[in-house]
Amino acid sequence: MLNATWIETFTVLAEEGHFTRAAERLNMTQPGVSQHLRKLEQQLGQALIAQDGKSFTLTPAGETVRDLGLSRRAEERALREAITCDDPDVGELRIACSGSFAMLFYPRAIEMMRDAPGLAIHVEAAPQARILSGVLDGRFDLGVIGEDSRHPRIEAQHIGREELCLVLPKAVGGQVDFEGLETLGLVAHPDVHRYADDLFPANFPGSFTGADRLRVRSYVNQIGQIPAPVAEGVGYTLLPRSGLAAFPLADRVVIARLPAPQYQELWSISRRGRTASARLKRILGLIEDLAATLD
């Protein structure tokens, strides 16, 4: 019989794509992860990864074992749910959403866990493609994404929309022309070009010629830090309204008043055919309430 611990170690390694991150997630040492990998390969008689320097890819056998690990994890979670009383305050939930929505949601999740010691809520900020794949393979119980996936194995529910905000230093005020934005320079982040292509054509026609041509002043990929340079007068940025919800210096930035506001739709997604637990319904209700505050 295959060693379940080794399979779980390998599954996490495959998910993370990195030995150090896998070790941190498993609360193990990196040599311990490598040892589990070697033992599992010996037990199977197959190489599971192909290394290229410090990076690696999964072999076909490795992809099969990863899928087995994900399937076992989902089956175990389903078993635990089946034999546990359906108490909204007891059990585990795994939620995935954008970084900006996580800033709005996670403080409320903490409040729930504080009041319900038997409840465990794991929140992962992730790109939309990872959220969708994670819901499909059982890594996430619920996802929040910006469009209807229309996937046949996904149950999608429209829960609201949130404004895409042009965030300016307070000293600039709430109005600015495109030339003024270029003078300030953009505080960029992984999603900013998509937001610019959604927001700017309707509000700066004739001036905006594509997100790839914007003058970038700074770049940061930590969602909580994106508005920080703007608060200090260094540049402007573009964020969904939820991205400003927990920013401690919100009084030092302003949201520009635009003639043609643009919005990002919000959808909750779960795997079709799965019976929603009481705790999942409770979390979904909270997410719907939060989404309603963003319109």
# chains A, B, ... in the order shown; residues from 1 in each chain; ligands from 1

$ residues_around --residues "A:Phe105" --least-positions-apart "2" --cutoff "12 Å" --atoms "only C-alpha atoms" --output "number ranges by chain"
A: 95-103, 107-112, 121-125, 144, 242-243, 245-246, 283-291, 293

$ select_by_dssp --residues "stretch 33-209 of chain A" --states "strand (DSSP E or B)" --output "PyMOL selection string"
chain A and resi 49-52+55-58+91-97+119-125+142-145+154-169+186-188

$ write_last_selection --atoms "C-alpha atoms" --output "PDB file, in the first residue's frame"
ATOM      1  CA  ILE A  49       9.872  14.927 -11.142  1.00  0.00           C
ATOM      2  CA  ALA A  50      12.409  16.021 -13.734  1.00  0.00           C
ATOM      3  CA  GLN A  51      14.780  18.596 -12.271  1.00  0.00           C
ATOM      4  CA  ASP A  52      16.385  21.457 -14.206  1.00  0.00           C
ATOM      5  CA  SER A  55      13.293  24.148 -10.779  1.00  0.00           C
ATOM      6  CA  PHE A  56      11.456  20.985 -11.745  1.00  0.00           C
ATOM      7  CA  THR A  57       8.544  19.674 -13.774  1.00  0.00           C
ATOM      8  CA  LEU A  58       6.331  16.692 -13.088  1.00  0.00           C
ATOM      9  CA  GLY A  91     -15.471  22.144  10.576  1.00  0.00           C
ATOM     10  CA  GLU A  92     -13.083  23.433   7.939  1.00  0.00           C
ATOM     11  CA  LEU A  93     -13.621  25.688   4.938  1.00  0.00           C
ATOM     12  CA  ARG A  94     -11.188  26.674   2.204  1.00  0.00           C
ATOM     13  CA  ILE A  95     -12.001  29.916   0.409  1.00  0.00           C
ATOM     14  CA  ALA A  96     -10.149  31.473  -2.548  1.00  0.00           C
ATOM     15  CA  CYS A  97     -10.595  34.987  -3.893  1.00  0.00           C
ATOM     16  CA  LEU A 119     -14.486  26.545  12.926  1.00  0.00           C
ATOM     17  CA  ALA A 120     -11.368  26.654  10.709  1.00  0.00           C
ATOM     18  CA  ILE A 121     -11.349  29.021   7.722  1.00  0.00           C
ATOM     19  CA  HIS A 122      -8.440  28.995   5.269  1.00  0.00           C
ATOM     20  CA  VAL A 123      -8.308  31.959   2.865  1.00  0.00           C
ATOM     21  CA  GLU A 124      -6.049  32.027  -0.190  1.00  0.00           C
ATOM     22  CA  ALA A 125      -5.582  35.056  -2.410  1.00  0.00           C
ATOM     23  CA  LEU A 142     -15.778  28.205  -2.476  1.00  0.00           C
ATOM     24  CA  GLY A 143     -14.276  30.788  -4.805  1.00  0.00           C
ATOM     25  CA  VAL A 144     -15.002  34.406  -5.643  1.00  0.00           C
ATOM     26  CA  ILE A 145     -14.106  35.452  -9.198  1.00  0.00           C
ATOM     27  CA  ILE A 154     -19.186  24.715 -11.668  1.00  0.00           C
ATOM     28  CA  GLU A 155     -22.170  26.244  -9.915  1.00  0.00           C
ATOM     29  CA  ALA A 156     -21.839  30.030 -10.309  1.00  0.00           C
ATOM     30  CA  GLN A 157     -23.928  32.669  -8.565  1.00  0.00           C
ATOM     31  CA  HIS A 158     -23.808  36.398  -9.277  1.00  0.00           C
ATOM     32  CA  ILE A 159     -23.337  38.147  -5.923  1.00  0.00           C
ATOM     33  CA  GLY A 160     -22.717  41.759  -6.919  1.00  0.00           C
ATOM     34  CA  ARG A 161     -20.193  44.060  -8.433  1.00  0.00           C
ATOM     35  CA  GLU A 162     -17.513  46.463  -7.257  1.00  0.00           C
ATOM     36  CA  GLU A 163     -16.243  49.685  -8.708  1.00  0.00           C
ATOM     37  CA  LEU A 164     -12.806  49.900 -10.262  1.00  0.00           C
ATOM     38  CA  CYS A 165     -11.223  52.878  -8.525  1.00  0.00           C
ATOM     39  CA  LEU A 166      -8.665  55.378  -9.760  1.00  0.00           C
ATOM     40  CA  VAL A 167      -6.789  56.096  -6.526  1.00  0.00           C
ATOM     41  CA  LEU A 168      -5.004  59.456  -6.193  1.00  0.00           C
ATOM     42  CA  PRO A 169      -2.991  61.252  -3.514  1.00  0.00           C
ATOM     43  CA  LEU A 186       1.483  54.542 -12.164  1.00  0.00           C
ATOM     44  CA  VAL A 187       1.978  52.383  -9.079  1.00  0.00           C
ATOM     45  CA  ALA A 188       1.700  49.066 -10.897  1.00  0.00           C
TER      46      ALA A 188
END

$ residues_around --residues "A:Arg153" --least-positions-apart "2" --cutoff "12 Å" --atoms "only C-alpha atoms" --output "PyMOL selection string"
chain A and resi 132-133+135-138+149-151+155-156+269-274

$ atom_distance --atom1 "atom CA of A:Leu104" --atom2 "atom CA of A:Leu294"
10.1 Å

$ residues_around --residues "stretch 71-74 of chain A" --least-positions-apart "3" --cutoff "8 Å" --atoms "only C-alpha atoms" --output "JSON, numbers by chain"
{"A": [67, 68, 77, 78, 137, 138, 139]}

$ write_last_selection --atoms "C-alpha atoms" --output "PDB file, in the first residue's frame"
ATOM      1  CA  ASP A  67      -4.045  13.777  -9.190  1.00  0.00           C
ATOM      2  CA  LEU A  68      -4.347  10.808  -6.845  1.00  0.00           C
ATOM      3  CA  ARG A  77     -12.835  16.018   3.299  1.00  0.00           C
ATOM      4  CA  ALA A  78     -16.121  14.621   1.986  1.00  0.00           C
ATOM      5  CA  ASP A 137     -10.276  19.614  -8.024  1.00  0.00           C
ATOM      6  CA  GLY A 138     -11.547  20.115  -4.476  1.00  0.00           C
ATOM      7  CA  ARG A 139      -8.750  22.267  -3.048  1.00  0.00           C
TER       8      ARG A 139
END

$ residues_around --residues "A:Gln43" --least-positions-apart "5" --cutoff "10 Å" --atoms "only C-alpha atoms" --output "PyMOL selection string"
chain A and resi 1-3+37-38

$ atom_distance --atom1 "atom CA of A:Gly185" --atom2 "atom CA of A:Arg217"
4.8 Å

$ closest_residue --among "A:Gly210, A:Gly32, A:Gly146, A:Pro88" --to "A:Ser268" --atoms "only C-alpha atoms"
A:Gly146

$ select_by_dssp --residues "stretch 24-248 of chain A" --states "alpha helix (DSSP H)" --output "NGL selection string"
:A and (24-26 or 30-44 or 60-83 or 99-115 or 128-137 or 178-184 or 192-203 or 228-231)

$ residues_around --residues "A:Glu147" --least-positions-apart "5" --cutoff "9 Å" --atoms "only C-alpha atoms" --output "ChimeraX atom specification"
/A:158,264-267

$ write_last_selection --atoms "all heavy atoms" --output "short mmCIF file (atom, residue, chain, number, x, y, z; two decimals), in the first residue's frame"
data_model
loop_
_atom_site.label_atom_id
_atom_site.label_comp_id
_atom_site.auth_asym_id
_atom_site.auth_seq_id
_atom_site.Cartn_x
_atom_site.Cartn_y
_atom_site.Cartn_z
N HIS A 158 -24.17 34.98 -9.25
CA HIS A 158 -23.81 36.40 -9.28
C HIS A 158 -24.13 37.01 -7.92
O HIS A 158 -25.26 36.93 -7.44
CB HIS A 158 -24.56 37.12 -10.39
CG HIS A 158 -24.14 38.54 -10.57
ND1 HIS A 158 -24.86 39.61 -10.09
CD2 HIS A 158 -23.04 39.07 -11.17
CE1 HIS A 158 -24.24 40.74 -10.38
NE2 HIS A 158 -23.13 40.44 -11.04
N GLN A 264 -16.45 45.76 -11.78
CA GLN A 264 -16.05 44.36 -11.92
C GLN A 264 -17.13 43.50 -11.29
O GLN A 264 -17.48 43.69 -10.13
CB GLN A 264 -14.71 44.13 -11.21
CG GLN A 264 -14.25 42.69 -11.17
CD GLN A 264 -12.87 42.56 -10.54
OE1 GLN A 264 -11.86 42.58 -11.21
NE2 GLN A 264 -12.83 42.42 -9.22
N GLU A 265 -17.69 42.58 -12.08
CA GLU A 265 -18.73 41.70 -11.55
C GLU A 265 -18.11 40.69 -10.57
O GLU A 265 -16.94 40.34 -10.68
CB GLU A 265 -19.42 40.96 -12.68
CG GLU A 265 -20.06 41.87 -13.72
CD GLU A 265 -21.10 42.80 -13.13
OE1 GLU A 265 -21.88 42.36 -12.26
OE2 GLU A 265 -21.14 43.98 -13.53
N LEU A 266 -18.91 40.25 -9.62
CA LEU A 266 -18.45 39.28 -8.62
C LEU A 266 -19.35 38.05 -8.67
O LEU A 266 -20.58 38.16 -8.61
CB LEU A 266 -18.48 39.90 -7.22
CG LEU A 266 -17.51 41.03 -6.96
CD1 LEU A 266 -17.77 41.66 -5.60
CD2 LEU A 266 -16.06 40.54 -7.04
N TRP A 267 -18.71 36.90 -8.75
CA TRP A 267 -19.42 35.62 -8.79
C TRP A 267 -18.85 34.69 -7.74
O TRP A 267 -17.62 34.60 -7.58
CB TRP A 267 -19.26 34.95 -10.16
CG TRP A 267 -19.91 35.71 -11.29
CD1 TRP A 267 -19.44 36.83 -11.91
CD2 TRP A 267 -21.14 35.39 -11.93
NE1 TRP A 267 -20.30 37.23 -12.89
CE2 TRP A 267 -21.36 36.37 -12.93
CE3 TRP A 267 -22.08 34.38 -11.76
CZ2 TRP A 267 -22.48 36.36 -13.75
CZ3 TRP A 267 -23.20 34.36 -12.58
CH2 TRP A 267 -23.38 35.34 -13.56
#

$ atom_distance --atom1 "atom CA of A:Thr9" --atom2 "atom CA of A:Val33"
6.6 Å

$ residues_around --residues "A:Val12" --least-positions-apart "5" --cutoff "10 Å" --atoms "only C-alpha atoms" --output "list in words"
Ile7, Gly17, His18, Phe19, Arg21, Ala22, Ala23, Arg25, Leu26, Val33, Arg66, Gly69 and Leu70 of chain A

$ closest_residue --among "A:Val176, A:Ala228, A:Ala202, A:Ala126" --to "A:Pro190" --atoms "only C-alpha atoms"
A:Ala126
